[in-house]
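See below for the structure under consideration.
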Amino acid sequence: MKIELRDEMFSQYFTQGYLIFRNVIPGLLLKEMRKEADKARELAWELNGPSAQRLQPIEKYADRINQKPFQDYCELPNIAEMLTRLLGSGYTHGHRHLMGILVEPKEVPWNQGWHRDGPVEVPLEAQDEILRKKMDDTILNMRVWNQVNCALYNDACTWYVPGSHLRTRDLPGEVQSVGSPALSKDLEGLCNEEREIINIRHCRAFPGAVQTQLGAGDYMIYRNFAWHCGNYVPYQPRATIHDGAVYHYKDGESS
C-alpha cells in the first residue's frame, strides 16, 4: 500500500520533528512479525531481567528468532519510497544489525526519563565552546537524528516535545536526564499504581510534551535530537521496531 505524503507533512517534519504514517505494514506480515516479536519479549526478560526495555540488535538472536519477517519489513518498498520523498536519496530504513524490539516491563511500571540523544547528554558543566559549536553545526543536518518506531501492537509509550529538535539550548522548565533529580525518588515499597501515577506525572509535567499514539502497523519517524521520553506499564503488551533512517555517505562526501 502506498504511503500518503502530503505537502504539509514536509513542513511538519522539519518544524515539529516527527511524522506518523498509518498502516504501513501489511496484515499478514504484521502477523508473522508479532509471532517473532513475542519471542523477543520473552528473550529480553530472560537475558536482561523483568525490567528489560528492548532486545537489540535483532540479528544477534537469529538462533532464537526467525529473521525472515524482519527482513521482509526491511524490504517494504512503500517505506523506502516514502523516505526518499521525505529526506532525499541515500537513506535506508531497515537494518537488522541495528534494529531493536522495544517491549513492556514484565512486573512493574518503568519510565525512561526525559532525554535528548547525542551530545546534549553531556552534563552542562562539561560542555565547552567546541562542543557547543559542534552541536549547533549538526542540529539541522538531516542526515542524522532520524529515528524510527514502528508498532506491532498499539503503542502510546513515547512522549515528545515538538520543535525541540531545532535548538541546542534548553528552555526554562526543561531538565537534563544526566544527573536529573526528576525520577530519583525511591519507588521501593510503592504499589504498581503509585509508580504508574508518578511516572505519568513526570511525562505530563514537561513543557510542551505530547503523547504519541501508534496503532498496529503505524510508522513514526522523529528527530531524536528532540526531547523525548518512554513510559511503560506491564499490563499493555508492546512490541515496537526501533531503528533509524540511515544515510549512506558517498565516496568523498563529508559527514
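Going by the C-alpha cells order, chains are called A, B, ..., each with residues numbered from 1, while ligands are numbered from 1 in the order shown.
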Against region 69-82 of chain A, which residues of region 106-181 of chain A fall within 12 Å? For each one I want the closest pair of atoms and the distance in Å (one decimal), counting only C-alpha atoms, rows by chain and increasing residue number, as JSON lines.
{"residue": "A:Val148", "atom": "CA", "partner": "A:Ile79", "partner_atom": "CA", "distance": 11.3}
{"residue": "A:Cys150", "atom": "CA", "partner": "A:Tyr73", "partner_atom": "CA", "distance": 10.3}
{"residue": "A:Leu152", "atom": "CA", "partner": "A:Tyr73", "partner_atom": "CA", "distance": 11.4}
Can those selected residues be exported to a file as a tab-separated table (two decimals), in the first residue's frame so that it contains C-alpha atoms?
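Saved to part_22.tsv:
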chain	number	residue	atom	x	y	z
A	148	VAL	CA	12.06	5.22	13.82
A	150	CYS	CA	7.19	1.07	14.08
A	152	LEU	CA	3.42	-4.14	16.00
| query | Which neighbours of region 160-168 of chain A fall inside 10 Å, counting only C-alpha atoms, when residues of the same chain fewer than 6 positions from it are skipped, and could you give them as a PyMOL selection string? | reply | chain A and resi 12-18+114-116+119-120+132-133+135-136+138-140+145+203+206-212+222-230
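Each of A:Ile130, A:Tyr91, A:Pro105, A:Thr158 was checked against Tyr249 (chain A) using only C-alpha atoms; the smallest atom-to-atom distance is that of A:Tyr91.
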| With only C-alpha atoms as the atoms that count, which of A:Asp38, A:Glu59, A:Asp117, A:Glu46 lies nearest to Val103 (chain A)? | A:Asp38
| task | Might you pull out every residue within 12 Å of Gln236 (chain A), with only C-alpha atoms counted and same-chain residues fewer than 5 positions away left off, and present them as a VMD selection string? | result | chain A and resid 103 to 109 153 to 157 231
Residue subset to file, keeping N, CA and C atoms, as a PDB file, in the first residue's frame:
ATOM      1  N   VAL A 103       9.969  -3.436  24.254  1.00  0.00           N
ATOM      2  CA  VAL A 103       8.968  -4.251  24.927  1.00  0.00           C
ATOM      3  C   VAL A 103       8.543  -3.594  26.243  1.00  0.00           C
ATOM      4  N   GLU A 104       7.430  -4.062  26.787  1.00  0.00           N
ATOM      5  CA  GLU A 104       6.961  -3.562  28.080  1.00  0.00           C
ATOM      6  C   GLU A 104       7.694  -4.275  29.221  1.00  0.00           C
ATOM      7  N   PRO A 105       7.749  -3.669  30.402  1.00  0.00           N
ATOM      8  CA  PRO A 105       8.328  -4.364  31.557  1.00  0.00           C
ATOM      9  C   PRO A 105       7.421  -5.514  31.979  1.00  0.00           C
ATOM     10  N   LYS A 106       7.998  -6.524  32.559  1.00  0.00           N
ATOM     11  CA  LYS A 106       7.237  -7.717  32.929  1.00  0.00           C
ATOM     12  C   LYS A 106       6.454  -7.532  34.221  1.00  0.00           C
ATOM     13  N   GLU A 107       6.996  -6.722  35.165  1.00  0.00           N
ATOM     14  CA  GLU A 107       6.414  -6.709  36.508  1.00  0.00           C
ATOM     15  C   GLU A 107       5.949  -5.344  36.987  1.00  0.00           C
ATOM     16  N   VAL A 108       6.750  -4.302  36.828  1.00  0.00           N
ATOM     17  CA  VAL A 108       6.414  -3.007  37.422  1.00  0.00           C
ATOM     18  C   VAL A 108       6.513  -1.896  36.378  1.00  0.00           C
ATOM     19  N   PRO A 109       5.734  -0.819  36.520  1.00  0.00           N
ATOM     20  CA  PRO A 109       5.846   0.323  35.604  1.00  0.00           C
ATOM     21  C   PRO A 109       7.259   0.891  35.626  1.00  0.00           C
ATOM     22  N   TYR A 153       2.060  -3.676  17.962  1.00  0.00           N
ATOM     23  CA  TYR A 153       0.838  -3.574  18.753  1.00  0.00           C
ATOM     24  C   TYR A 153       0.590  -2.089  19.008  1.00  0.00           C
ATOM     25  N   ASN A 154      -0.620  -1.725  19.392  1.00  0.00           N
ATOM     26  CA  ASN A 154      -0.892  -0.330  19.735  1.00  0.00           C
ATOM     27  C   ASN A 154       0.122   0.157  20.760  1.00  0.00           C
ATOM     28  N   ASP A 155       0.628   1.360  20.566  1.00  0.00           N
ATOM     29  CA  ASP A 155       1.736   1.850  21.385  1.00  0.00           C
ATOM     30  C   ASP A 155       1.575   3.354  21.628  1.00  0.00           C
ATOM     31  N   ALA A 156       1.391   3.722  22.901  1.00  0.00           N
ATOM     32  CA  ALA A 156       1.315   5.130  23.289  1.00  0.00           C
ATOM     33  C   ALA A 156       2.403   5.462  24.306  1.00  0.00           C
ATOM     34  N   CYS A 157       3.520   4.748  24.244  1.00  0.00           N
ATOM     35  CA  CYS A 157       4.573   4.881  25.257  1.00  0.00           C
ATOM     36  C   CYS A 157       5.463   6.104  25.068  1.00  0.00           C
ATOM     37  N   ASN A 231       7.453   5.790  28.533  1.00  0.00           N
ATOM     38  CA  ASN A 231       6.724   5.443  29.751  1.00  0.00           C
ATOM     39  C   ASN A 231       6.012   4.106  29.535  1.00  0.00           C
TER      40      ASN A 231
END
| request: Could you give me the residues within region 64-247 of chain A that DSSP places in helix (DSSP H, G or I), as a ChimeraX atom specification? | output: /A:68-74,77-87,119-121,124-126,129-138,164-166,192-204
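Going from CA of Asn66 (chain A) to CA of Asn149 (chain A) covers 20.2 Å.
Note that CA of Arg195 (chain A) and CA of Ala40 (chain A) are 25.6 Å apart.
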| query | For Ala216 (chain A), which of A:Arg169, A:Arg238, A:Glu129, A:Asn199 is the closest residue, counting only C-alpha atoms? | reply | A:Arg238
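The coordinates place CA of Leu187 (chain A) at 14.1 Å from CA of Gln112 (chain A).
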| request: Just list the residues in region 135-248 of chain A DSSP gives strand (DSSP E or B) on the backbone, as an MDAnalysis selection string. | output: chainID A and resid 146:151 155 158:160 210:211 214 219:223 228:232 239:244 246:247
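Close contacts of Gly100 (chain A), defined as residues with an atom at most 7 Å away when counting only C-alpha atoms, with chain neighbours fewer than 4 positions off set aside, comprise Arg54, Leu55, Gln56, Pro57, Ile58, Ile241, His242 and Asp243 of chain A.
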| Near-Met1 (chain A) list (9 Å; only C-alpha atoms; drop same-chain fewer than 4 positions) as a ChimeraX atom specification | /A:23-26,78
